[in-house]
>>> print(open('work28.tsv').read())   # TSV, C-alpha atoms
chain	number	residue	atom	x	y	z
A	1	MET	CA	30.25	105.55	178.42
A	2	ASN	CA	31.50	105.90	174.85
A	3	LYS	CA	27.92	106.14	173.62
A	4	ILE	CA	27.13	108.83	176.18
A	5	VAL	CA	30.12	110.84	174.96
A	6	MET	CA	28.95	110.32	171.39
A	7	ALA	CA	25.46	111.53	172.31
A	8	GLY	CA	26.90	114.74	173.72
A	9	GLY	CA	29.06	115.26	170.65
A	10	LEU	CA	26.18	114.81	168.28
A	11	ALA	CA	24.00	117.15	170.29
A	12	ALA	CA	26.74	119.77	170.06
A	13	ALA	CA	26.94	119.26	166.31
A	14	VAL	CA	23.22	119.84	165.93
A	15	LEU	CA	23.53	123.05	167.94
A	16	VAL	CA	26.43	124.45	165.94
A	17	LEU	CA	24.22	126.87	163.97
A	18	THR	CA	22.74	128.42	167.13
A	19	SER	CA	25.77	128.47	169.39
A	20	GLU	CA	27.41	131.55	167.78
A	21	ALA	CA	30.45	129.36	167.16
A	22	ALA	CA	31.41	129.56	170.81
A	23	ALA	CA	33.94	126.78	170.45
A	24	HIS	CA	36.35	129.00	168.51
A	25	CYS	CA	35.43	132.45	169.78
A	26	ASP	CA	38.42	132.32	172.11
A	27	THR	CA	41.03	132.11	169.34
A	28	LEU	CA	43.09	135.06	168.12
A	29	ASP	CA	41.74	134.56	164.60
A	30	GLY	CA	38.16	133.95	165.76
A	31	PRO	CA	35.23	136.26	165.06
A	32	VAL	CA	35.25	137.99	168.46
A	33	VAL	CA	38.89	139.05	168.28
A	34	LYS	CA	38.45	140.07	164.64
A	35	ALA	CA	35.64	142.39	165.72
A	36	ALA	CA	37.79	143.72	168.59
A	37	ARG	CA	40.67	144.43	166.19
A	38	ALA	CA	38.33	146.29	163.85
A	39	ALA	CA	36.97	148.34	166.76
A	40	LEU	CA	40.49	149.40	167.77
A	41	ASP	CA	41.67	150.06	164.23
A	42	GLN	CA	38.64	152.22	163.47
A	43	ARG	CA	38.38	153.73	166.97
A	44	ASN	CA	34.74	152.59	167.14
A	45	VAL	CA	33.75	150.41	170.09
A	46	ALA	CA	30.34	149.79	168.54
A	47	LEU	CA	31.99	147.36	166.12
A	48	VAL	CA	32.52	144.83	168.92
A	49	LEU	CA	29.53	145.42	171.21
A	50	ARG	CA	27.30	142.95	169.37
A	51	TRP	CA	29.44	140.16	170.82
A	52	VAL	CA	28.61	140.96	174.46
A	53	PRO	CA	25.39	141.20	176.48
A	54	VAL	CA	23.81	144.62	176.88
A	55	ALA	CA	24.56	144.66	180.61
A	56	ASP	CA	28.29	144.31	179.92
A	57	GLU	CA	28.61	147.18	177.45
A	58	PRO	CA	29.99	149.58	180.12
A	59	GLU	CA	32.84	147.19	180.98
A	60	ILE	CA	33.77	146.77	177.33
A	61	THR	CA	33.57	150.51	176.70
A	62	ARG	CA	35.85	151.23	179.68
A	63	ALA	CA	38.34	148.60	178.52
A	64	PHE	CA	38.21	150.08	175.02
A	65	ASP	CA	38.92	153.61	176.25
A	66	GLN	CA	41.80	152.38	178.42
A	67	THR	CA	43.25	150.43	175.53
A	68	VAL	CA	43.09	153.35	173.13
A	69	THR	CA	44.90	155.54	175.67
A	70	VAL	CA	47.68	153.02	176.36
A	71	ARG	CA	48.12	152.22	172.65
A	72	ALA	CA	49.43	155.74	172.09
A	73	LEU	CA	52.46	155.07	174.32
A	74	GLY	CA	54.31	153.01	171.72
A	75	PRO	CA	54.43	149.65	169.93
A	76	ALA	CA	55.14	147.57	173.05
A	77	ALA	CA	52.37	149.28	174.98
A	78	GLN	CA	50.01	148.82	172.05
A	79	GLU	CA	50.66	145.08	171.91
A	80	LEU	CA	50.03	144.73	175.63
A	81	ALA	CA	46.92	146.92	175.55
A	82	ASP	CA	45.45	145.10	172.57
A	83	ARG	CA	45.92	141.75	174.31
A	84	PHE	CA	44.15	143.11	177.37
A	85	PHE	CA	41.20	144.26	175.27
A	86	PHE	CA	40.95	140.99	173.34
A	87	GLU	CA	40.99	138.99	176.57
A	88	THR	CA	38.36	141.22	178.15
A	89	VAL	CA	35.97	140.97	175.21
A	90	VAL	CA	36.38	137.21	174.84
A	91	ARG	CA	35.96	136.63	178.57
A	92	VAL	CA	32.76	138.68	178.69
A	93	HIS	CA	31.44	137.08	175.50
A	94	ARG	CA	31.99	133.56	176.81
A	95	ALA	CA	30.39	134.43	180.14
A	96	GLY	CA	27.35	135.58	178.17
A	97	GLU	CA	27.34	132.19	176.45
A	98	GLY	CA	27.46	130.43	179.80
A	99	VAL	CA	30.90	128.89	179.22
A	100	PRO	CA	34.15	129.49	181.16
A	101	TYR	CA	36.99	131.61	179.85
A	102	THR	CA	40.20	129.59	179.65
A	103	GLY	CA	42.44	132.13	177.93
A	104	LEU	CA	43.07	133.18	174.36
A	105	LYS	CA	44.10	130.40	172.00
A	106	PRO	CA	46.72	131.06	169.27
A	107	ALA	CA	45.71	131.85	165.72
A	108	GLY	CA	45.41	128.66	163.70
A	109	THR	CA	44.20	126.58	166.65
A	110	PRO	CA	42.38	123.57	165.17
A	111	ILE	CA	38.60	123.68	165.54
A	112	ASP	CA	35.82	121.24	164.80
A	113	PRO	CA	35.48	120.97	160.99
A	114	ALA	CA	31.73	121.48	161.38
A	115	LEU	CA	32.41	124.93	162.81
A	116	SER	CA	34.53	125.86	159.79
A	117	ILE	CA	31.70	124.77	157.54
A	118	ALA	CA	29.24	126.80	159.62
A	119	ASP	CA	31.45	129.89	159.39
A	120	ARG	CA	31.65	129.55	155.62
A	121	ALA	CA	27.87	129.27	155.51
A	122	VAL	CA	27.60	132.56	157.38
A	123	GLU	CA	29.99	134.20	154.90
A	124	THR	CA	28.38	132.77	151.76
A	125	GLY	CA	24.75	132.55	152.82
A	126	ASN	CA	24.68	128.91	151.70
A	127	LEU	CA	23.40	126.57	154.41
A	128	ASN	CA	23.46	123.38	152.35
A	129	PRO	CA	27.02	122.27	153.27
A	130	VAL	CA	26.16	122.58	156.97
A	131	LEU	CA	22.99	120.52	156.59
A	132	GLU	CA	24.86	117.88	154.61
A	133	ARG	CA	27.59	117.62	157.24
A	134	LEU	CA	25.21	117.44	160.18
A	135	THR	CA	22.96	114.94	158.42
A	136	ALA	CA	25.93	112.66	157.75
A	137	ASP	CA	27.25	112.99	161.31
A	138	VAL	CA	23.87	112.33	162.92
A	139	GLN	CA	23.07	109.37	160.69
A	140	HIS	CA	26.48	107.82	161.36
A	141	GLY	CA	26.16	108.24	165.11
A	142	VAL	CA	22.60	106.98	165.33
A	143	ARG	CA	23.33	103.96	163.11
A	144	ARG	CA	26.34	103.07	165.23
A	145	ALA	CA	24.37	103.31	168.49
A	146	PHE	CA	21.51	101.30	166.98
A	147	THR	CA	23.85	98.58	165.70
A	148	GLU	CA	25.54	98.31	169.09
A	149	MET	CA	22.15	98.02	170.80
A	150	MET	CA	20.95	95.31	168.40
A	151	VAL	CA	24.15	93.29	168.79
A	152	ARG	CA	23.78	93.32	172.57
A	153	ARG	CA	20.10	92.41	172.33
A	154	GLU	CA	20.90	89.36	170.21
A	155	ALA	CA	23.56	88.35	172.73
A	156	ALA	CA	21.21	88.62	175.71
A	157	PRO	CA	19.01	85.58	176.39
A	158	PRO	CA	16.12	86.39	178.77
A	159	ALA	CA	17.78	84.58	181.70
A	160	ASP	CA	21.25	86.12	181.24
A	161	VAL	CA	21.26	89.03	183.66
A	162	VAL	CA	24.76	90.32	182.82
A	163	ALA	CA	24.20	90.32	179.06
A	164	GLY	CA	20.71	91.70	179.63
A	165	ARG	CA	22.08	94.68	181.52
A	166	ALA	CA	24.57	95.31	178.73
A	167	PHE	CA	21.66	95.37	176.30
A	168	VAL	CA	19.63	97.70	178.51
A	169	SER	CA	22.60	100.08	178.77
A	170	ALA	CA	22.94	100.20	174.99
A	171	TYR	CA	19.16	100.54	174.61
A	172	VAL	CA	18.97	103.49	177.00
A	173	THR	CA	21.94	105.15	175.31
A	174	PHE	CA	20.30	104.75	171.90
A	175	LEU	CA	17.01	106.26	173.10
A	176	HIS	CA	18.76	109.13	174.86
A	177	LEU	CA	20.81	109.84	171.76
A	178	VAL	CA	17.70	110.06	169.60
A	179	GLU	CA	15.94	112.18	172.22
A	180	THR	CA	18.91	114.53	172.67
A	181	ILE	CA	19.34	115.11	168.95
A	182	GLY	CA	15.63	115.67	168.47
A	183	GLN	CA	15.39	118.16	171.33
A	184	ALA	CA	18.51	119.99	170.22
A	185	ALA	CA	17.24	120.28	166.65
A	186	ARG	CA	13.93	121.65	167.90
A	187	GLY	CA	15.62	124.10	170.26
A	188	GLY	CA	14.48	122.18	173.34
A	189	PRO	CA	16.23	121.13	176.55
A	190	GLY	CA	18.74	118.94	174.75
A	191	GLY	CA	21.01	121.94	174.22
A	192	HIS	CA	23.13	123.87	176.68
A	193	ASP	CA	21.58	126.85	178.43
A	194	ARG	CA	21.96	130.08	176.52
A	195	PRO	CA	20.76	133.63	177.14
A	196	SER	CA	17.83	134.92	175.17
A	197	PRO	CA	18.60	136.74	171.89
A	198	ASP	CA	17.70	140.01	173.64
A	199	ALA	CA	20.74	139.62	175.89
A	200	HIS	CA	22.98	140.78	173.04
A	201	THR	CA	22.71	144.00	171.14
A	202	VAL	CA	23.57	144.59	167.53
A	203	LYS	CA	25.17	147.91	166.78
>>> encode(input="work28.tsv", output="structure tokens")
Amino acid sequence: MNKIVMAGGLAAAVLVLTSEAAAHCDTLDGPVVKAARAALDQRNVALVLRWVPVADEPEITRAFDQTVTVRALGPAAQELADRFFFETVVRVHRAGEGVPYTGLKPAGTPIDPALSIADRAVETGNLNPVLERLTADVQHGVRRAFTEMMVRREAAPPADVVAGRAFVSAYVTFLHLVETIGQAARGGPGGHDRPSPDAHTVK
């Protein structure tokens, strides 16, 4: 079971560059809320529309217009309206990613270090730190699964059914790990389902 969990974690790490950093898009200091703040501050909904599918633009535009109207009623109303808009945008964005919305997380919520590295790569245009991190993570995980499999193989005489099944379990986990990482890296079925790039519009 631990190896299966590890396989899923490594697959997620490989996908970090193509997942639009979904794991931290629901935080108040994440990229989606930053875009929503900019849209409100500049009274330009187009600044946030790239984060939602084309089909959901009308909902975001309506929420934007409502928020702008309520904001004018005073500081307390503005805070409430802004929260409503942030939640709406994040909810719609995550639905477009195929993941559930579980509420806005506070600013400063810890995220996977690999995501921080990926975000810096987007800002700097330098992919090398991401590749170095993923390479190290994948090598560590694969070596650990391989070592576990070899240990169980050595401890499994041909006639020992119990030890043999333990070896087979480790063997299957090792192969699935390699397969999952390979498919994820190639953009195959190892990754989670995502909409096509055409589902989002860039304004």
>>> residues_around(input="work28.tsv", residues="Val142 (chain A)", least_positions_apart="4", cutoff="9 Å", atoms="all atoms listed in the file", output="NGL selection string")
:A and (7 or 137-138 or 146-147 or 174 or 177-178)
>>> closest_residue(input="work28.tsv", among="A:His24, A:Ala36, A:His93, A:Ala121", to="Ala81 (chain A)", atoms="only C-alpha atoms")
A:Ala36
>>> atom_distance(input="work28.tsv", atom1="CA of Arg186 (chain A)", atom2="CA of Glu148 (chain A)")
26.1 Å
>>> atom_distance(input="work28.tsv", atom1="CA of Glu87 (chain A)", atom2="CA of Pro75 (chain A)")
18.4 Å
>>> residues_around(input="work28.tsv", residues="Val33 (chain A)", least_positions_apart="5", cutoff="8 Å", atoms="all atoms listed in the file", output="PyMOL selection string")
chain A and resi 25-28+86+89-90
>>> closest_residue(input="work28.tsv", among="A:Ala185, A:Val92, A:Ala159, A:Val172", to="Leu134 (chain A)", atoms="all atoms listed in the file")
A:Ala185
>>> closest_residue(input="work28.tsv", among="A:Phe84, A:Ile117, A:Arg153, A:Gln42", to="Gly103 (chain A)", atoms="all atoms listed in the file")
A:Phe84
>>> atom_distance(input="work28.tsv", atom1="CA of Gly187 (chain A)", atom2="CA of Leu175 (chain A)")
18.1 Å
>>> residues_around(input="work28.tsv", residues="Phe167 (chain A)", least_positions_apart="4", cutoff="10 Å", atoms="all atoms listed in the file", output="list in words")
Glu148, Met149, Met150, Val151, Arg152, Arg153, Glu154, Ala155, Ala156, Val161, Val162, Ala163, Tyr171, Val172 and Thr173 of chain A
>>> residues_around(input="work28.tsv", residues="Thr102 (chain A)", least_positions_apart="2", cutoff="9 Å", atoms="only C-alpha atoms", output="PyMOL selection string")
chain A and resi 26+91+100+104-105
>>> closest_residue(input="work28.tsv", among="A:Arg43, A:Asn126, A:Phe85, A:Leu80", to="Ile60 (chain A)", atoms="all atoms listed in the file")
A:Phe85
>>> residues_near_point(input="work28.tsv", point="(39.3, 147.1, 165.4)", cutoff="12 Å", atoms="all atoms listed in the file", output="PDB file with C-alpha atoms, in the frame of the given file")
ATOM      1  CA  PRO A  31      35.230 136.260 165.060  1.00  0.00           C
ATOM      2  CA  VAL A  32      35.250 137.990 168.460  1.00  0.00           C
ATOM      3  CA  VAL A  33      38.890 139.050 168.280  1.00  0.00           C
ATOM      4  CA  LYS A  34      38.450 140.070 164.640  1.00  0.00           C
ATOM      5  CA  ALA A  35      35.640 142.390 165.720  1.00  0.00           C
ATOM      6  CA  ALA A  36      37.790 143.720 168.590  1.00  0.00           C
ATOM      7  CA  ARG A  37      40.670 144.430 166.190  1.00  0.00           C
ATOM      8  CA  ALA A  38      38.330 146.290 163.850  1.00  0.00           C
ATOM      9  CA  ALA A  39      36.970 148.340 166.760  1.00  0.00           C
ATOM     10  CA  LEU A  40      40.490 149.400 167.770  1.00  0.00           C
ATOM     11  CA  ASP A  41      41.670 150.060 164.230  1.00  0.00           C
ATOM     12  CA  GLN A  42      38.640 152.220 163.470  1.00  0.00           C
ATOM     13  CA  ARG A  43      38.380 153.730 166.970  1.00  0.00           C
ATOM     14  CA  ASN A  44      34.740 152.590 167.140  1.00  0.00           C
ATOM     15  CA  VAL A  45      33.750 150.410 170.090  1.00  0.00           C
ATOM     16  CA  ALA A  46      30.340 149.790 168.540  1.00  0.00           C
ATOM     17  CA  LEU A  47      31.990 147.360 166.120  1.00  0.00           C
ATOM     18  CA  VAL A  48      32.520 144.830 168.920  1.00  0.00           C
ATOM     19  CA  LEU A  49      29.530 145.420 171.210  1.00  0.00           C
ATOM     20  CA  PHE A  64      38.210 150.080 175.020  1.00  0.00           C
ATOM     21  CA  THR A  67      43.250 150.430 175.530  1.00  0.00           C
ATOM     22  CA  VAL A  68      43.090 153.350 173.130  1.00  0.00           C
ATOM     23  CA  ASP A  82      45.450 145.100 172.570  1.00  0.00           C
ATOM     24  CA  PHE A  85      41.200 144.260 175.270  1.00  0.00           C
ATOM     25  CA  PHE A  86      40.950 140.990 173.340  1.00  0.00           C
TER      26      PHE A  86
END
>>> closest_residue(input="work28.tsv", among="A:Ala184, A:Ala95, A:Val168, A:Leu131", to="Val52 (chain A)", atoms="all atoms listed in the file")
A:Ala95
>>> closest_residue(input="work28.tsv", among="A:Arg144, A:Arg94, A:Arg83, A:Arg71", to="Asp56 (chain A)", atoms="all atoms listed in the file")
A:Arg94
